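J.: What follows is data.cif, made up of mmCIF, C-alpha atoms:
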data_target
#
loop_
_atom_site.label_atom_id
_atom_site.label_comp_id
_atom_site.auth_asym_id
_atom_site.auth_seq_id
_atom_site.Cartn_x
_atom_site.Cartn_y
_atom_site.Cartn_z
CA MET A 1 40.41 184.38 18.92
CA PRO A 2 40.42 186.21 15.62
CA ALA A 3 37.30 185.82 13.57
CA GLN A 4 37.27 185.37 9.83
CA ALA A 5 37.22 188.78 8.12
CA ALA A 6 33.96 189.78 6.43
CA GLY A 7 33.97 189.23 2.70
CA THR A 8 36.99 186.90 2.74
CA SER A 9 37.04 183.17 2.08
CA GLN A 10 40.25 182.29 3.93
CA PRO A 11 39.93 181.23 7.58
CA PRO A 12 42.60 182.38 10.05
CA SER A 13 45.86 180.47 9.77
CA LEU A 14 47.15 178.29 12.60
CA ARG A 15 49.87 180.85 13.32
CA GLU A 16 47.30 183.65 13.63
CA LEU A 17 45.15 181.53 15.94
CA LEU A 18 48.09 180.57 18.15
CA ARG A 19 49.23 184.20 18.42
CA SER A 20 45.80 185.53 19.33
CA PRO A 21 45.59 186.91 22.92
CA GLY A 22 42.50 184.85 23.68
CA TYR A 23 44.19 181.57 22.86
CA GLY A 24 47.29 182.53 24.81
CA ARG A 25 45.17 183.15 27.88
CA LEU A 26 43.41 179.82 27.32
CA LEU A 27 46.76 177.98 27.32
CA LEU A 28 47.82 179.74 30.52
CA VAL A 29 44.54 178.89 32.24
CA SER A 30 44.80 175.28 31.03
CA ALA A 31 48.28 174.92 32.53
CA LEU A 32 47.18 176.46 35.82
CA VAL A 33 43.92 174.53 36.05
CA GLY A 34 45.74 171.21 35.77
CA VAL A 35 46.92 171.41 39.39
CA PRO A 36 43.63 172.11 41.24
CA VAL A 37 41.67 169.78 38.95
CA SER A 38 44.15 166.97 39.51
CA LEU A 39 44.18 167.60 43.26
CA ALA A 40 40.40 167.25 43.28
CA ALA A 41 40.60 164.15 41.10
CA PHE A 42 43.25 162.62 43.33
CA GLY A 43 41.10 163.23 46.39
CA PHE A 44 38.07 161.74 44.70
CA VAL A 45 39.71 158.53 43.46
CA SER A 46 41.59 158.05 46.74
CA LEU A 47 38.37 158.36 48.74
CA GLU A 48 36.52 156.07 46.33
CA HIS A 49 39.29 153.48 46.57
CA GLU A 50 39.37 153.61 50.37
CA LEU A 51 35.58 153.25 50.61
CA GLN A 52 35.71 150.32 48.19
CA HIS A 53 38.40 148.63 50.29
CA TRP A 54 36.38 149.17 53.47
CA VAL A 55 33.12 147.82 52.00
CA TRP A 56 34.55 144.72 50.32
CA GLU A 57 37.54 143.76 52.46
CA THR A 58 37.68 145.42 55.87
CA LEU A 59 34.00 145.17 56.82
CA PRO A 60 33.56 141.46 55.89
CA LYS A 61 36.64 140.56 57.96
CA GLU A 62 35.33 142.53 60.91
CA TRP A 63 32.15 140.45 60.66
CA GLY A 64 34.11 137.20 60.68
CA HIS A 65 34.31 136.41 56.96
CA PRO A 66 37.68 135.77 55.23
CA HIS A 67 36.27 137.57 52.21
CA ALA A 68 32.91 139.01 51.21
CA PRO A 69 30.29 136.20 51.29
CA TRP A 70 28.15 135.45 48.26
CA TRP A 71 25.17 137.44 49.57
CA TRP A 72 27.22 140.58 50.29
CA PRO A 73 26.31 142.34 46.99
CA LEU A 74 22.59 142.21 47.77
CA PRO A 75 22.50 144.68 50.69
CA ALA A 76 25.44 146.64 49.26
CA LEU A 77 23.71 147.32 45.93
CA ALA A 78 20.35 147.92 47.59
CA LEU A 79 22.00 150.64 49.66
CA ALA A 80 23.63 152.04 46.52
CA GLY A 81 20.25 152.29 44.84
CA LEU A 82 18.65 154.00 47.83
CA LEU A 83 21.47 156.53 48.02
CA LEU A 84 21.49 157.13 44.28
CA ALA A 85 17.74 157.57 43.77
CA PRO A 86 17.35 161.08 45.28
CA ILE A 87 20.56 162.26 43.60
CA VAL A 88 19.48 161.32 40.06
CA THR A 89 15.97 162.71 40.54
CA ARG A 90 16.45 165.92 42.53
CA MET A 91 19.97 167.35 42.27
CA PRO A 92 21.22 169.58 39.41
CA GLY A 93 22.97 167.44 36.83
CA ARG A 94 21.24 164.26 38.08
CA GLY A 95 24.52 162.66 39.04
CA GLY A 96 25.97 162.90 35.54
CA HIS A 97 24.82 161.37 32.30
CA VAL A 98 23.72 157.74 31.96
CA PRO A 99 26.85 155.60 31.33
CA VAL A 100 25.48 153.85 28.24
CA LEU A 101 25.55 157.21 26.44
CA GLY A 102 29.36 157.10 26.49
CA LEU A 103 31.91 159.64 27.66
CA GLY A 104 30.97 162.52 25.38
CA GLY A 105 28.38 165.24 25.63
CA PRO A 106 28.52 168.91 26.59
CA PRO A 107 30.87 170.12 29.35
CA THR A 108 29.66 169.56 32.90
CA LEU A 109 28.67 172.83 34.54
CA PRO A 110 30.10 173.71 37.98
CA VAL A 111 26.65 173.54 39.59
CA GLU A 112 26.35 169.90 38.45
CA VAL A 113 29.64 168.70 39.97
CA PRO A 114 28.30 167.98 43.51
CA SER A 115 25.70 165.56 42.17
CA VAL A 116 28.33 163.79 40.04
CA VAL A 117 30.62 163.33 43.05
CA LEU A 118 27.84 162.12 45.34
CA ALA A 119 26.41 159.74 42.73
CA ALA A 120 29.81 158.20 42.03
CA LEU A 121 30.63 157.77 45.72
CA ALA A 122 27.20 156.26 46.32
CA ALA A 123 27.46 153.75 43.48
CA LEU A 124 31.07 152.81 42.72
CA PRO A 125 32.36 151.67 46.15
CA LEU A 126 29.22 149.60 46.75
CA GLY A 127 29.67 147.52 43.59
CA ALA A 128 27.98 149.35 40.72
CA VAL A 129 30.13 147.46 38.13
CA LEU A 130 31.20 150.75 36.54
CA GLY A 131 34.46 152.69 36.35
CA PRO A 132 35.57 156.09 37.65
CA GLU A 133 36.52 157.57 34.27
CA ALA A 134 33.21 159.29 33.41
CA PRO A 135 32.74 160.93 36.84
CA LEU A 136 36.37 162.09 36.76
CA MET A 137 35.90 163.71 33.36
CA ALA A 138 32.75 165.46 34.55
CA ILE A 139 34.47 166.69 37.72
CA GLY A 140 37.44 167.99 35.74
CA SER A 141 35.22 169.73 33.23
CA GLY A 142 33.07 171.41 35.86
CA LEU A 143 36.00 172.60 37.97
CA ALA A 144 37.84 173.94 34.92
CA LEU A 145 34.78 175.97 33.90
CA LEU A 146 34.81 177.64 37.32
CA THR A 147 37.77 179.69 36.06
CA VAL A 148 35.64 181.33 33.36
CA SER A 149 32.42 183.21 34.00
CA ALA A 150 29.21 182.23 32.27
CA ALA A 151 29.23 185.58 30.45
CA LYS A 152 32.67 184.92 28.96
CA ARG A 153 31.64 181.42 27.93
CA ALA A 154 28.59 182.85 26.17
CA ALA A 155 30.67 185.55 24.46
CA SER A 156 33.16 182.99 23.12
CA PRO A 157 31.35 179.66 22.54
CA VAL A 158 34.60 177.79 21.83
CA VAL A 159 36.16 178.58 25.22
CA GLY A 160 33.79 176.44 27.30
CA PRO A 161 34.21 173.19 25.34
CA MET A 162 37.99 173.59 25.01
CA LEU A 163 38.54 174.45 28.67
CA GLY A 164 36.14 171.70 29.70
CA ALA A 165 38.09 169.22 27.57
CA ALA A 166 41.35 170.35 29.18
CA GLY A 167 39.89 169.87 32.66
CA SER A 168 38.52 166.43 31.78
CA THR A 169 41.87 165.37 30.37
CA ALA A 170 43.72 166.53 33.47
CA ALA A 171 41.32 164.62 35.69
CA ILE A 172 41.69 161.28 33.91
CA ALA A 173 45.36 161.64 32.91
CA THR A 174 46.65 159.13 35.45
CA ILE A 175 43.62 156.89 36.00
CA PHE A 176 44.38 155.41 32.55
CA GLY A 177 48.00 154.87 33.51
CA SER A 178 49.39 157.60 31.23
CA PRO A 179 48.56 161.22 30.34
CA LEU A 180 49.13 160.27 26.70
CA VAL A 181 46.15 157.87 26.69
CA ALA A 182 43.84 160.62 27.93
CA VAL A 183 45.07 163.13 25.36
CA VAL A 184 44.78 160.67 22.46
CA MET A 185 41.25 159.83 23.61
CA MET A 186 40.25 163.49 23.55
CA VAL A 187 41.79 164.05 20.12
CA GLU A 188 40.21 160.97 18.55
CA ALA A 189 36.81 161.56 20.16
CA ALA A 190 36.75 165.18 18.94
CA GLY A 191 37.06 164.07 15.31
CA LEU A 192 38.89 167.27 14.37
CA GLY A 193 41.77 167.92 12.00
CA GLY A 194 44.19 170.63 10.95
CA ALA A 195 44.29 173.81 12.98
CA GLN A 196 41.29 172.81 15.08
CA LEU A 197 43.07 169.67 16.23
CA THR A 198 46.13 171.62 17.33
CA LEU A 199 44.03 174.20 19.15
CA LEU A 200 42.32 171.45 21.16
CA LEU A 201 45.46 169.39 21.66
CA LEU A 202 47.67 172.01 23.31
CA PRO A 203 45.38 172.85 26.28
CA CYS A 204 44.77 169.15 26.89
CA LEU A 205 48.50 168.38 26.84
CA LEU A 206 49.33 171.21 29.22
CA ALA A 207 46.55 170.42 31.69
CA SER A 208 47.20 166.66 31.72
CA GLY A 209 50.97 166.98 31.87
CA VAL A 210 50.89 169.35 34.82
CA GLY A 211 48.13 167.37 36.48
CA ALA A 212 50.05 164.09 36.23
CA LEU A 213 52.67 165.54 38.55
CA VAL A 214 49.98 165.94 41.21
CA PHE A 215 49.00 162.26 41.05
CA THR A 216 52.64 161.15 41.13
CA GLY A 217 53.62 163.42 43.99
CA PHE A 218 50.58 162.97 46.19
CA GLY A 219 50.49 159.23 45.64
CA HIS A 220 54.11 159.06 46.84
CA TRP A 221 53.69 161.46 49.76
CA THR A 222 50.39 160.20 51.12
CA GLY A 223 50.70 156.50 50.35
CA LEU A 224 47.11 156.49 49.09
CA SER A 225 46.30 154.19 46.19
CA ILE A 226 44.14 155.56 43.38
CA GLY A 227 43.37 152.20 41.77
CA ALA A 228 44.53 153.22 38.30
CA LEU A 229 44.02 150.83 35.42
CA SER A 230 47.39 149.07 35.34
CA LEU A 231 48.95 145.61 35.02
CA PRO A 232 51.87 145.23 37.44
CA SER A 233 52.67 141.83 35.89
CA VAL A 234 51.73 140.34 32.51
CA PRO A 235 52.49 137.03 30.76
CA GLN A 236 55.71 136.95 28.73
CA ALA A 237 54.82 137.97 25.18
CA ARG A 238 56.17 136.48 21.98
CA LEU A 239 55.95 137.56 18.38
CA PRO A 240 52.43 136.69 17.15
CA ASP A 241 52.22 133.96 14.55
CA ALA A 242 49.53 132.76 12.15
CA GLY A 243 47.72 130.86 14.90
CA ASP A 244 47.37 133.97 17.04
CA PHE A 245 45.74 135.85 14.18
CA LEU A 246 43.56 132.91 13.12
CA TRP A 247 42.13 132.78 16.64
CA GLY A 248 42.58 136.46 17.49
CA VAL A 249 40.45 137.92 14.70
CA PRO A 250 37.29 135.89 15.50
CA LEU A 251 37.97 136.48 19.21
CA ALA A 252 37.92 140.24 18.60
CA VAL A 253 34.61 139.81 16.78
CA VAL A 254 33.12 137.82 19.67
CA ILE A 255 34.32 140.37 22.23
CA ALA A 256 32.76 143.20 20.24
CA VAL A 257 29.44 141.35 19.92
CA VAL A 258 29.36 140.59 23.66
CA LEU A 259 30.05 144.20 24.62
CA VAL A 260 27.54 145.63 22.15
CA ALA A 261 24.99 143.21 23.60
CA GLY A 262 25.73 144.67 27.02
CA GLN A 263 25.33 148.19 25.67
CA THR A 264 22.02 147.19 24.09
CA VAL A 265 20.83 145.96 27.48
CA GLY A 266 21.97 149.29 28.87
CA HIS A 267 19.87 151.22 26.36
CA ARG A 268 16.81 149.17 27.30
CA PHE A 269 17.30 149.89 30.99
CA ALA A 270 17.95 153.57 30.28
CA GLY A 271 14.48 153.68 28.77
CA PHE A 272 13.11 151.67 31.69
CA THR A 273 14.46 154.11 34.30
CA ALA A 274 13.34 157.21 32.38
CA HIS A 275 9.98 156.93 34.18
CA ARG A 276 9.46 156.36 37.91
CA THR A 277 13.20 156.90 38.10
CA ALA A 278 13.70 156.64 41.86
CA THR A 279 11.92 153.33 42.33
CA ARG A 280 13.36 151.77 39.20
CA THR A 281 16.89 152.91 40.03
CA VAL A 282 16.69 151.00 43.31
CA PHE A 283 15.28 147.97 41.48
CA CYS A 284 18.11 148.02 38.93
CA ALA A 285 20.74 148.35 41.66
CA VAL A 286 19.32 145.28 43.43
CA LEU A 287 19.27 143.41 40.11
CA VAL A 288 22.96 144.18 39.66
CA GLY A 289 23.52 142.75 43.14
CA VAL A 290 21.64 139.57 42.18
CA PHE A 291 23.91 138.98 39.19
CA ILE A 292 27.07 139.54 41.24
CA ALA A 293 25.81 137.21 43.97
CA GLY A 294 25.02 134.66 41.26
CA TYR A 295 28.64 134.73 40.12
CA ALA A 296 29.85 134.07 43.66
CA LEU A 297 27.36 131.22 44.14
CA VAL A 298 28.21 129.50 40.86
CA THR A 299 32.00 129.79 41.14
CA GLY A 300 32.59 129.80 44.90
CA ARG A 301 34.85 132.83 44.39
CA SER A 302 34.62 136.28 45.97
CA PRO A 303 31.82 138.49 44.63
CA GLU A 304 34.29 141.37 44.68
CA GLU A 305 35.76 140.00 41.43
CA ALA A 306 32.51 140.67 39.59
CA ALA A 307 31.59 143.85 41.43
CA LEU A 308 33.41 147.16 41.22
CA SER A 309 35.12 148.52 38.13
CA GLY A 310 37.59 145.72 37.50
CA GLN A 311 41.03 147.34 37.91
CA ALA A 312 42.11 145.03 40.74
CA THR A 313 40.63 141.89 39.16
CA LEU A 314 42.27 142.68 35.83
CA GLY A 315 45.66 142.95 37.54
CA GLN A 316 45.14 139.62 39.30
CA LEU A 317 44.03 137.94 36.07
CA ALA A 318 47.05 139.18 34.12
CA ALA A 319 49.50 138.30 36.89
CA ASP A 320 48.24 134.74 37.44
CA PRO A 321 45.90 133.55 34.67
CA ALA A 322 46.49 129.92 35.66
CA SER A 323 44.58 130.49 38.90
CA TRP A 324 41.37 130.94 36.91
CA SER A 325 39.51 128.02 35.38
CA VAL A 326 37.82 128.46 32.03
CA GLY A 327 34.45 127.98 33.76
CA ALA A 328 35.17 130.77 36.24
CA LEU A 329 36.23 133.14 33.45
CA LEU A 330 33.10 132.42 31.42
CA ALA A 331 30.94 132.84 34.52
CA LEU A 332 32.64 136.20 35.13
CA VAL A 333 31.83 137.29 31.58
CA LEU A 334 28.21 136.15 31.88
CA PHE A 335 27.29 137.50 35.30
CA LYS A 336 29.46 140.61 35.29
CA GLY A 337 28.38 141.29 31.71
CA LEU A 338 24.71 141.18 32.68
CA ALA A 339 25.34 143.36 35.73
CA TRP A 340 27.34 145.81 33.59
CA GLY A 341 24.53 146.03 31.05
CA VAL A 342 21.94 146.86 33.71
CA ALA A 343 24.25 149.37 35.41
CA LEU A 344 25.00 151.11 32.10
CA GLY A 345 21.39 152.18 31.79
CA SER A 346 20.50 152.90 35.40
CA LEU A 347 23.43 153.74 37.70
CA ARG A 348 26.29 156.24 37.42
CA GLY A 349 29.93 155.70 36.47
CA GLY A 350 32.11 154.97 33.46
CA PRO A 351 31.70 152.16 30.89
CA ILE A 352 35.33 151.43 29.94
CA PHE A 353 37.07 149.74 32.88
CA PRO A 354 34.56 146.87 33.31
CA ALA A 355 34.50 146.31 29.55
CA VAL A 356 38.29 145.89 29.48
CA LEU A 357 38.04 143.22 32.18
CA LEU A 358 35.28 141.39 30.29
CA GLY A 359 37.28 141.35 27.08
CA SER A 360 40.45 140.25 28.87
CA ALA A 361 38.61 137.43 30.64
CA LEU A 362 37.33 136.14 27.29
CA GLY A 363 40.83 136.40 25.84
CA VAL A 364 42.44 134.46 28.67
CA ALA A 365 39.63 131.87 28.58
CA VAL A 366 40.46 130.94 24.97
CA GLY A 367 44.21 131.21 25.50
CA GLY A 368 44.53 127.44 25.72
CA LEU A 369 43.26 126.81 22.20
CA PRO A 370 45.74 125.07 19.85
CA GLY A 371 48.03 127.68 18.31
CA MET A 372 46.88 130.39 20.73
CA GLY A 373 48.52 131.55 23.91
CA VAL A 374 47.32 133.27 27.08
CA GLU A 375 49.54 136.27 26.35
CA ALA A 376 48.01 136.65 22.88
CA GLY A 377 44.48 136.22 24.24
CA LEU A 378 45.10 138.91 26.84
CA ALA A 379 46.47 141.29 24.21
CA VAL A 380 43.45 140.76 21.96
CA GLY A 381 41.09 141.19 24.91
CA LEU A 382 42.62 144.49 26.00
CA ALA A 383 42.60 146.11 22.56
CA ALA A 384 39.33 144.69 21.26
CA SER A 385 37.26 145.44 24.36
CA SER A 386 38.33 149.06 24.57
CA ALA A 387 37.78 149.62 20.84
CA ALA A 388 34.34 147.98 20.96
CA VAL A 389 33.02 150.04 23.86
CA THR A 390 34.58 153.42 22.98
CA ARG A 391 34.61 153.19 19.15
CA LEU A 392 38.09 154.76 19.36
CA PRO A 393 40.55 152.26 17.84
CA VAL A 394 43.65 154.46 18.08
CA THR A 395 43.00 155.24 21.74
CA SER A 396 42.37 151.56 22.40
CA THR A 397 45.68 150.56 20.84
CA VAL A 398 47.53 153.18 22.89
CA LEU A 399 45.76 152.06 26.08
CA ALA A 400 46.58 148.39 25.48
CA THR A 401 50.18 149.35 24.73
CA ALA A 402 50.43 151.29 27.99
CA LEU A 403 48.94 148.39 29.96
CA LEU A 404 51.25 145.77 28.47
CA GLY A 405 54.36 147.89 28.99
CA GLU A 406 57.54 146.19 27.81
CA GLN A 407 55.55 143.31 26.37
CA ALA A 408 53.65 145.60 23.99
CA ALA A 409 56.31 145.82 21.28
CA ASP A 410 56.04 142.16 20.30
CA SER A 411 52.24 142.24 20.54
CA MET A 412 51.76 145.46 18.54
CA PRO A 413 50.60 143.87 15.22
CA LEU A 414 48.00 141.81 17.08
CA LEU A 415 46.86 144.82 19.13
CA ILE A 416 46.30 146.94 16.03
CA VAL A 417 44.42 144.27 14.09
CA SER A 418 42.27 143.40 17.10
CA ALA A 419 41.34 147.05 17.72
CA VAL A 420 40.37 147.62 14.09
CA VAL A 421 38.36 144.37 13.82
CA ALA A 422 36.50 145.07 17.07
CA PHE A 423 35.79 148.66 16.05
CA LEU A 424 34.35 147.61 12.68
CA THR A 425 32.33 144.78 14.23
CA ALA A 426 30.92 146.94 17.03
CA THR A 427 29.99 149.73 14.63
CA PHE A 428 28.16 147.35 12.30
CA VAL A 429 26.43 145.31 15.02
CA HIS A 430 25.43 148.44 16.94
CA ARG A 431 23.70 149.93 13.92
CA VAL A 432 21.87 146.68 13.22
CA ALA A 433 20.82 146.05 16.84
CA ALA A 434 20.01 149.62 17.83
CA PRO A 435 19.80 151.88 14.77
CA ASP A 436 17.93 154.54 16.72
CA HIS A 437 20.75 155.07 19.22
CA SER A 438 23.76 157.24 18.51
CA VAL A 439 27.18 155.69 18.76
CA ALA A 440 28.64 156.17 22.22
#
Represent the supplied structure as structure tokens.

T.:
Amino acid sequence: MPAQAAGTSQPPSLRELLRSPGYGRLLLVSALVGVPVSLAAFGFVSLEHELQHWVWETLPKEWGHPHAPWWWPLPALALAGLLLAPIVTRMPGRGGHVPVLGLGGPPTLPVEVPSVVLAALAALPLGAVLGPEAPLMAIGSGLALLTVSAAKRAASPVVGPMLGAAGSTAAIATIFGSPLVAVVMMVEAAGLGGAQLTLLLLPCLLASGVGALVFTGFGHWTGLSIGALSLPSVPQARLPDAGDFLWGVPLAVVIAVVLVAGQTVGHRFAGFTAHRTATRTVFCAVLVGVFIAGYALVTGRSPEEAALSGQATLGQLAADPASWSVGALLALVLFKGLAWGVALGSLRGGPIFPAVLLGSALGVAVGGLPGMGVEAGLAVGLAASSAAVTRLPVTSTVLATALLGEQAADSMPLLIVSAVVAFLTATFVHRVAAPDHSVA
């Protein structure tokens, strides 16, 4: 890309940057890389989903249980810890960054991808209470960087981050239910504007748009489910009224406080596992299993609802909220929230999917309050939880809109207000509770 001429004060215009040969090649590589990256991502999420189904549904039935018994998470998470310990202590990349640090950070190098894949497959299917989004982004980034040599990345420092962002976007384009959600997330997280924003946006759009075709086609041809975050059925929405906002605003505040509390727990356990990492990783995995088993014991429901990332449970909750008692929803928030907090600081995976379930469960739990409705509580939960955990209110609104589908138009004012309130609350509470930690 053209550099600013010596002795001049004017940076290159957007037109000059777009016409530069280097950027043209970057766009071409981004479009081409979308296919192999998305193929790899499709294979990863399909395998993860099949392993998850085998561990939590097929295997218990083969052992004579209608569903996983309450004690099932204990050996499952102990095994996850034992498998994860050597990966996070010995392999390049250490299985990816600790989830409580968020989704950002430098691009994942190709040499680090194997440890990310192995760590995710060791933790997620066995009930690590984390999502697949962070490993997918790391896989996409590392595979995209394979197309550019280390020498070229060093010669042009902007190429690595931009190509890594394009690969990450392609990898997570469909796991969020829409390529648009992934692109908006990248744009908002980058915090850029003007020409820089356009330069980042175009490779991400190309890579994610092309990559989405891979997920659509292979999902149809193979019949494999990727467990994307989606709501096949949601309560019938209505235009929000004063009661929805009177309850919705404090609900968004509560959701933000709960999720920041979980992140604070995660930071404490990240410090705890920084030393004697192998032993303490196994301990934390078992502790996660204890919390999940506690949920099953207290509620008499399947521990699978509290384990895993939450995509399936979120769909069940939205489709039939009446099948959940308020006590069961609050128990889910308590036990899964504690497990999520521990996992954030010790295991490997993404922080967003479980947080969305926690916020939605709180929203549905208060849906019976006078003047409030389940549909409004669910809308607040979706938008507020995502905004609180990512600190990206625009992305959170777009994600909630994509999840609610046709019902989103009527809920849009409530979604926007909830996302903004949760973002402001989480930002303030986070700085008060953990001023020494950077915002995820």

J.: Give me the residues near A:Met91 as a ChimeraX atom specification, where near means some atom within 12 Å (using all atoms listed in the file) and where sequence neighbours in that chain fewer than 6 positions away do not count.

T.: /A:84-85,111-119

J.: Closest to A:Leu369 among A:Val342, A:Leu251, A:Ile87, A:Val286, using all atoms listed in the file?

T.: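 Under the stated criterion, the closest residue is A:Leu251.
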
J.: Rounded to one decimal, what separation in Å do you get between atom CA of A:Phe428 and atom CA of A:Ala252?

T.: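 That distance, rounded to one decimal, is 13.6 Å.
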
J.: To test your reading of the syntax: which residues would the PyMOL selection byres ((chain A and resi 243) around 12) return for the file shown? Reply as a PDB file with C-alpha atoms, in the coordinates of the input.

T.:
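Saved the output as part_38.pdb:
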ATOM      1  CA  LEU A 239      55.950 137.560  18.380  1.00  0.00           C
ATOM      2  CA  PRO A 240      52.430 136.690  17.150  1.00  0.00           C
ATOM      3  CA  ASP A 241      52.220 133.960  14.550  1.00  0.00           C
ATOM      4  CA  ALA A 242      49.530 132.760  12.150  1.00  0.00           C
ATOM      5  CA  ASP A 244      47.370 133.970  17.040  1.00  0.00           C
ATOM      6  CA  PHE A 245      45.740 135.850  14.180  1.00  0.00           C
ATOM      7  CA  LEU A 246      43.560 132.910  13.120  1.00  0.00           C
ATOM      8  CA  TRP A 247      42.130 132.780  16.640  1.00  0.00           C
ATOM      9  CA  GLY A 248      42.580 136.460  17.490  1.00  0.00           C
ATOM     10  CA  VAL A 249      40.450 137.920  14.700  1.00  0.00           C
ATOM     11  CA  PRO A 250      37.290 135.890  15.500  1.00  0.00           C
ATOM     12  CA  GLY A 367      44.210 131.210  25.500  1.00  0.00           C
ATOM     13  CA  GLY A 368      44.530 127.440  25.720  1.00  0.00           C
ATOM     14  CA  LEU A 369      43.260 126.810  22.200  1.00  0.00           C
ATOM     15  CA  PRO A 370      45.740 125.070  19.850  1.00  0.00           C
ATOM     16  CA  GLY A 371      48.030 127.680  18.310  1.00  0.00           C
ATOM     17  CA  MET A 372      46.880 130.390  20.730  1.00  0.00           C
ATOM     18  CA  GLY A 373      48.520 131.550  23.910  1.00  0.00           C
ATOM     19  CA  ALA A 376      48.010 136.650  22.880  1.00  0.00           C
ATOM     20  CA  GLY A 377      44.480 136.220  24.240  1.00  0.00           C
ATOM     21  CA  LEU A 414      48.000 141.810  17.080  1.00  0.00           C
TER      22      LEU A 414
END

J.: Pick from A:Val429, A:Leu399, A:Ala328, A:Ser30: nearest to A:Ser302, with all atoms listed in the file counted?

T.: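 Counting all atoms listed in the file, the residue closest to A:Ser302 is A:Ala328.
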
J.: With all atoms listed in the file as the basis for distance, which of A:Ala318, A:Val45, A:Leu51, A:Leu103 is at the shortest distance from A:Pro132?

T.: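 Closest to A:Pro132 of all the choices is A:Val45.
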
J.: Could you state the separation of atom CA of A:Val88 and atom CA of A:Val290 in Å, given to one decimal place?

T.: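 Spanning atom CA of A:Val88 to atom CA of A:Val290 is a straight-line distance of 22.0 Å.
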
J.: Measuring between all atoms listed in the file, which one of A:Ala80, A:Leu28, A:Ala122, A:Ala379 shows the shortest distance to A:Asp410?

T.: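 The shortest atom-to-atom distance to A:Asp410 comes from A:Ala379.
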
J.: So how far away is atom CA of A:Ala120 from atom CA of A:Leu145, in Å?

T.: 20.2 Å

J.: Let me know the residues the PyMOL selection byres ((chain A and resi 351) around 10) catches in the file above, as a list in words.

T.: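 What the PyMOL selection byres ((chain A and resi 351) around 10) grabs from the file is Val98, Pro99, Val100, Leu101, Gly102, Leu103, Val129, Leu130, Gly131, Pro132, Glu133, Ala134, Gln263, Ser309, Trp340, Gly341, Ala343, Leu344, Arg348, Gly349, Gly350, Ile352, Phe353, Pro354, Ala355, Val356, Ser386, Val389 and Thr390 of chain A.
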
J.: Starting from the displayed file, determine the output of the PyMOL selection byres ((chain A and resi 421) around 10) and express the residue list as a ChimeraX atom specification.

T.: /A:248-253,256,383-384,387-388,393,416-420,422-427

J.: Between A:Gly142, A:Pro86, A:Gly95, A:Gly327, which residue has the minimum interatomic distance to A:Ala171, considering all atoms listed in the file?

T.: A:Gly142
